[in-house]
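The block underneath contains the structure these notes are about, expressed in structure tokens.
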Amino acid sequence: MSAWRRVHAKLRALRGVVPSARDTHRHTWTVDGSLTLCRSFSTGRPAQNDFFKDLEAQLAAARKKMVDALPGSSWTPLQVNPNLPPERVDIVIVGGGVVGWSIAYWLKQRDGMREGHRVLVVEKDPTYSQASTVLSAGGIRQQFSLLENIQLSLASAEFLRNINVQLGVLNEDPIDLQFNHSGYLFLANEAVAHIMEENYNIQRHAGAKVSLLSPKRLKEKFPWINTDGVALASYGLENEGWFDPWTLLNAFKRKALSLGVIQCCGEVTDFTCSKKYMMTADGDLEPVKRIKSVKVQMPNSLEYQPVECAVVVNAAGAFSGKLTEMLGIGSGPKDSIAGVPLPVEPRKRYVYVAHCPEGPGLDTPFLIDYSGVYFRREGLGGNYIAGASPEEEEEPDVSNLEVDHQFFEEKVWPALANRVPAFEKLKVTSAWAGFYDYNTFDQNCIIGTHPLISNMYFATGFSGHGLQHSPAVGCAVAELILDGGFQTFDLSAFGFKRILDQEPILERNIV
Amino acid sequence: MLKILIPSIFLIFTAWTAPKKQLWSTTLAYSLIIALISLSWLVNPAETGWSFLGLHMATDPLSTPLLVLTCWLLPLMILASQNHISPEPENRQRMYITLLTSLQIFLIMAFGATEMFMFYVMFEATLIPTLIIITRWGNQAERLNAGTYFLFYTLAGSLPLLVALLLLQNSTGTLSLLTLQFCPPAPLSSYADKMWWAGCLIAFLVKMPLYGAHLWLPKAHVEAPIAGSMVLAAVLLKLGGYGMMRMMILLEPLTKELSYPFIIFALWGIIMTGSICLRQTDLKSLIAYSSVSHMGLVAAGILIQTPWGFSGALILMIAHGLTSSALFCLANTNYERTHSRTMVLARGLQMALPLMTSWWFIASLANLALPPLPNLMGELMIISSLFNWSWWTLALTGIGTLITAAYSLYMFLMTQRGPLPKHIIALDPSHSREHLLLALHLLPLLLLILKPEIIWGWTA
């Protein structure tokens with residue numbers, strides 16, 4: 001080492017002997033050939049050109065270049081935008097919310113190998129600023145009236161309870177969903193109590209653990225409730241409560257990426273289709289399209305990539321209607337199949353966070369009153385989340401996510417304070433708004449293909465219960481695509497056909 | 001010989017001067033006429049072995065079937081490419097046909113060469129149009145990787161071949177096959193001679209491909225467009241086999257010991273690549289690995305150097321060429337409809353396209369070597385000559401046959417039987433062009449059952 005230093009010193013001295021343009025500010029020269037070390041007093045350059053520090057950096061750079069050149073690295077001589085999706089995949093999932101990533105996870109989870117079919121998830125907003133998933137209140141319940149909905153929620157709850165078995169990735173942190181199993185409490189007045197009883201029977205039959213409470217029992221269990229007007233209450237004992245939607249989304253995403261799903265930040269702006277006309281039984285000619293490729297536009301740029309694909313899944317949530325319009329659904333003549341649009345549109349719902357130290361306390365369930373107002377506990381510091389469904393005529397404007405605080409003052413607080421007297425003294429600390437992907441037809445999801453587009457699958461229109469159904473719906477859609485039919489859950493009732501036949505399947509008593 | 005070669009060269013001019021509306025039909029008709037004239041090579045009354053003898057080119061019973069296969073394949077390639085090339089600009093379409101035709105010209109000159117050096121130059125020359133076809137017209141970004149693997153594997157193998165040929169020219173004074181067959185066997189005993197032996201064969205083993213050097217093949221086959229896959233599977237792999245068969249005469253007596261590891265590689269490769277086929281999700285990749293498997297058997301048959309081995313190898317090469325090309329065409333019909341090569345997304349097609357199922361059935365049966373197709377005849381001859389060489393090979397080839405049957409049936413059942421997915425409806429019906437394409441592949445195969453003398457080489 002010292003030999004190197006001596007040589008190095010000689011080199012530096014030699015540089016001092018022959019002055020170069022760079023060294024004009026040196027102050028010490030050798031005049032008589034004897035070796036002296038030269039120091040420069042300039043502050044613009046490093047005081048010492050340390051050969052060895054540079055050596056480390058240069059060796060690292062050279063090593064990196066070699067590793068890049070070897071096969072197996074992803075370096076190519078043509079440097080393209082790394083965010084561009086591949087030119088050809090098998091399945092494109094439009095929409096990177098919890099439903100989209102759930103479908104991606106289940107599609108790749110089945111084949112058990114990293115090769116196999118290629119799945120691409122396209123999400124236009126990686127900050128999820130307008131996505132329904134992360135703005136959701138995060139509740140899960142089995143108290144529905146449709147058997148399929150109950151089964152989906154039950155299966156999803158099972159999935160969420162064992163989430164680390166399903167979505168755990170090796171060497172990564174375990175998932176903590178913060179699943180509060182506090183249950184849902186529905187309150188019914190005299191007029192709708194019989195509906196609640198019928199629903200209760202269906203739910204028990206399907207295996208949900210629900211109990212019916214009389215007003216007296218209700219008051220015993222939850223003394224903070226004002227039971228005026230309540231004829232019957234339905235309380236979920238197991239598998240109901242709320243969890244953190246952002247954690248679930250990230251868990252699905254992380255696991256799907258580890259299984260080889262490709263993700264892309266971009267917006268689907270166009271489809272390339274092949275079209276042919278087919279005659280229906282009534283003798284009309286309908287245009288049947290087959291999507292050949294999807295045009296994905298890069299954010300803030302004119303760059304786009306046409307992605308050739310075999311199957312497209314529409315999991316775009318509140319924006320699914322806009323996506324389907326690009327294919328011409330809804331723009332045909334009035335009485336044809338092509339004239340029926342996808343009845344999914346965004347509906348804005350507000351969620352208010354209120355602080356009330358004298359509130360109901362830690363064992364508060366997710367309470368839903370028959371007037372439409374709901375609230376649940378949030379965290380352990382005496383905060384509560386509350387909201388209500390607006391009337392059909394008073395739907396707020398969906399062009400933005402601004403919160404209307406008047407709505408709380410006029411519609412939510414009075415009903416809330418009526419039901420829970422402690423809430424007369426609360427303070428609203430924050431509020432947000434999110435979109436429901438609202439199915440204007442019957443407020444239930446639409447799953448399956450469209451008769452006029454051969455290879456697009458819908459998984460949208462959940463109208464407020466997409467998050468709680470997402471694991472099970474992902475499984476069902478993956479089976480539909482890969483197995484050709486539903487295996488575990490029979491969701492054929494949710495097909496698009498009911499919209500064409502104008503036969504709604506309505507939930508009774510929903511919020 | 002020139003009566004085929006000159007028209008093929010002029011086919012390039014036709015491709016550039018034909019009016020756009022008649023481009024594809026003209027080139028198709030022209031190449032079909034060339035193919036039909038090439039059948040005249042099969043009439044072979046000469047006693048000397050070499051027929052149609054010219055200064056530089058000739059045919060003999062080994063090269064004739066391969067020449068006819070090459071000429072037969074060009075109209076099939078043009079027919080198969082017509083659909084997917086049609087949206088492209090006119091000049092690119094003409095360029096595509098030019099590349100296919102130039103490939104045919106180089107291949108005719110390669111198979112018809114009497115001088116080993118001409119064969120070598122043509123062997124290398126075929127790489128260029130194939131590389132251009134794969135990298136320019138392939139489907140995905142991985143095609144660049146595929147082209148690189150394809151080019152450099154073959155080039156790395158053929159540089160030693162160049163040196164070996166020059167050494168041979170130096171020692172024997174000639175590289176003409178007509179003369180070399182009468183050369184006395186050289187005293188080959190030194191270590192350098194063993195390297196020379198390896199140098200002669202490695203290029204062809206990489207081209208075949210032998211199991212250890214086969215990585216380029218699945219990539220190239222999967223990324224190439226349909227015509228590229230067809231010509232690769234049907235003819236370019238056979239260049240390797242043909243070259244090996246020509247060189248074998250000169251490589252005595254070293255081959256007796258030195259070929260051991262390569263025979264073992266080949267046999268092990270049959271089983272390994274067959275097993276890989278059982279786990280493939282990509283249809284073209286499955287067919288590519290099945291090519292490696294069949295070519296492993298061919299390589300083993302050639303390295304054994306018995307009359308039955310050579311004969312079986314030649315029959316299997318021709319039969320496999322037609323079968324593999326047919327399977328790629330079938331995979332392409334799937335791809336054009338569903339835009340996916342993944343088998344799980346395009347299943348149950350018997351419900352949607354039943355006529356195509358019959359072609360799938362015949363092609364799958366040919367792939368698994370059903371009697372009395374020539375595939376089986378070739379395999380049986382190779383397997384029995386291997387058994388004669390060593391009893392233990394029967395275990396490997398037997399398991400190999402079993403696995404071949406398994407994955408061929410797997411491929412058929414996955415694509416044709418089973419539930420039809422909800423998104424495979426409203427497909428284009430099977431075009432007559434596709435039916436014609438597959439008929440022209442499989443009918444010769446069926447007709448060869450009746451006259452195998454054409455394809456079994458000198459060893460009659």
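Identifiers for the structure tokens are assigned positionally: chains receive A, B, ... in sequence, residues are indexed from 1 per chain, and ligands are indexed from 1 in the order shown.
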Write out as JSON lines a residue-level contact list of chain B versus chain A with cut-off 10 Å: for each qualifying residue the closest pair of atoms and the distance in Å to one decimal, counting only C-alpha atoms, rows sorted by chain and residue number upward.
{"residue": "B:Asn139", "atom": "CA", "partner": "A:Arg88", "partner_atom": "CA", "distance": 7.6}
{"residue": "B:Gln140", "atom": "CA", "partner": "A:Glu87", "partner_atom": "CA", "distance": 5.9}
{"residue": "B:Ala141", "atom": "CA", "partner": "A:Glu87", "partner_atom": "CA", "distance": 7.0}
{"residue": "B:Glu142", "atom": "CA", "partner": "A:Pro86", "partner_atom": "CA", "distance": 9.7}
{"residue": "B:Leu144", "atom": "CA", "partner": "A:Thr76", "partner_atom": "CA", "distance": 9.1}
{"residue": "B:Asn145", "atom": "CA", "partner": "A:Pro71", "partner_atom": "CA", "distance": 9.0}
{"residue": "B:Tyr149", "atom": "CA", "partner": "A:Pro71", "partner_atom": "CA", "distance": 9.8}
{"residue": "B:Arg279", "atom": "CA", "partner": "A:Gly116", "partner_atom": "CA", "distance": 9.5}
{"residue": "B:Gln280", "atom": "CA", "partner": "A:Gly116", "partner_atom": "CA", "distance": 7.6}
{"residue": "B:Thr281", "atom": "CA", "partner": "A:Gly116", "partner_atom": "CA", "distance": 5.2}
{"residue": "B:Asp282", "atom": "CA", "partner": "A:Gly116", "partner_atom": "CA", "distance": 6.9}
{"residue": "B:Tyr335", "atom": "CA", "partner": "A:Ala310", "partner_atom": "CA", "distance": 9.2}
{"residue": "B:Glu336", "atom": "CA", "partner": "A:Lys292", "partner_atom": "CA", "distance": 9.7}
{"residue": "B:Arg337", "atom": "CA", "partner": "A:Ala310", "partner_atom": "CA", "distance": 8.9}
{"residue": "B:Thr338", "atom": "CA", "partner": "A:Ala310", "partner_atom": "CA", "distance": 5.5}
{"residue": "B:His339", "atom": "CA", "partner": "A:Ala310", "partner_atom": "CA", "distance": 5.2}
{"residue": "B:Ser340", "atom": "CA", "partner": "A:Ala310", "partner_atom": "CA", "distance": 5.4}
{"residue": "B:Arg341", "atom": "CA", "partner": "A:Asp90", "partner_atom": "CA", "distance": 8.0}
{"residue": "B:Thr342", "atom": "CA", "partner": "A:His117", "partner_atom": "CA", "distance": 5.9}
{"residue": "B:Met343", "atom": "CA", "partner": "A:His117", "partner_atom": "CA", "distance": 8.6}
{"residue": "B:Val344", "atom": "CA", "partner": "A:Leu482", "partner_atom": "CA", "distance": 6.3}
{"residue": "B:Leu345", "atom": "CA", "partner": "A:Leu482", "partner_atom": "CA", "distance": 6.3}
{"residue": "B:Ala346", "atom": "CA", "partner": "A:Ala310", "partner_atom": "CA", "distance": 9.0}
{"residue": "B:Arg347", "atom": "CA", "partner": "A:Gly484", "partner_atom": "CA", "distance": 8.8}
{"residue": "B:Gly348", "atom": "CA", "partner": "A:Gly484", "partner_atom": "CA", "distance": 9.3}
{"residue": "B:Gly418", "atom": "CA", "partner": "A:Gly484", "partner_atom": "CA", "distance": 9.0}
{"residue": "B:Pro419", "atom": "CA", "partner": "A:Gly484", "partner_atom": "CA", "distance": 5.9}
{"residue": "B:Leu420", "atom": "CA", "partner": "A:Gly484", "partner_atom": "CA", "distance": 5.9}
{"residue": "B:Pro421", "atom": "CA", "partner": "A:Gly484", "partner_atom": "CA", "distance": 3.8}
{"residue": "B:Lys422", "atom": "CA", "partner": "A:Gly484", "partner_atom": "CA", "distance": 5.7}
{"residue": "B:His423", "atom": "CA", "partner": "A:Asn455", "partner_atom": "CA", "distance": 4.4}
{"residue": "B:Ile424", "atom": "CA", "partner": "A:Ser454", "partner_atom": "CA", "distance": 6.9}
{"residue": "B:Ile425", "atom": "CA", "partner": "A:Ser454", "partner_atom": "CA", "distance": 6.1}
{"residue": "B:Ala426", "atom": "CA", "partner": "A:Ser454", "partner_atom": "CA", "distance": 6.7}
{"residue": "B:Leu427", "atom": "CA", "partner": "A:Arg290", "partner_atom": "CA", "distance": 8.5}
{"residue": "B:Asp428", "atom": "CA", "partner": "A:Lys276", "partner_atom": "CA", "distance": 9.1}
A:Pro360: which residues within 9 Å, counting only C-alpha atoms, same-chain residues fewer than 3 positions away excluded, as a ChimeraX atom specification? /A:222-225,356-357,363-364,377,382,420,422-423
Residues near stretch 162-166 of chain B, anyone? I mean within 10 Å using only C-alpha atoms, not counting same-chain ones fewer than 3 positions away, as a ChimeraX atom specification. /B:116-117,120-121,157-159,169-171,173-175,193,195-201,203
I'd like to know which residues of stretch 100-193 of chain B are helix (DSSP H, G or I) (by DSSP, run on the backbone); could you write them as JSON, numbers by chain? {"B": [100, 101, 102, 103, 104, 105, 106, 107, 108, 109, 110, 111, 112, 116, 117, 118, 119, 120, 121, 122, 123, 124, 125, 127, 128, 129, 130, 131, 132, 133, 134, 135, 136, 137, 143, 144, 145, 146, 147, 148, 149, 150, 151, 152, 153, 154, 155, 156, 157, 158, 159, 160, 161, 162, 163, 164, 165, 166, 167, 168, 169, 170, 171, 172, 177, 178, 179, 180, 191, 192, 193]}
Could you check the closest approach to B:Leu178 for each of B:Glu434, B:Glu88, B:Asp60, B:Glu257 and tell me which residue wins, using only C-alpha atoms?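 Once distances to B:Leu178 are computed over only C-alpha atoms, the minimum belongs to B:Asp60.
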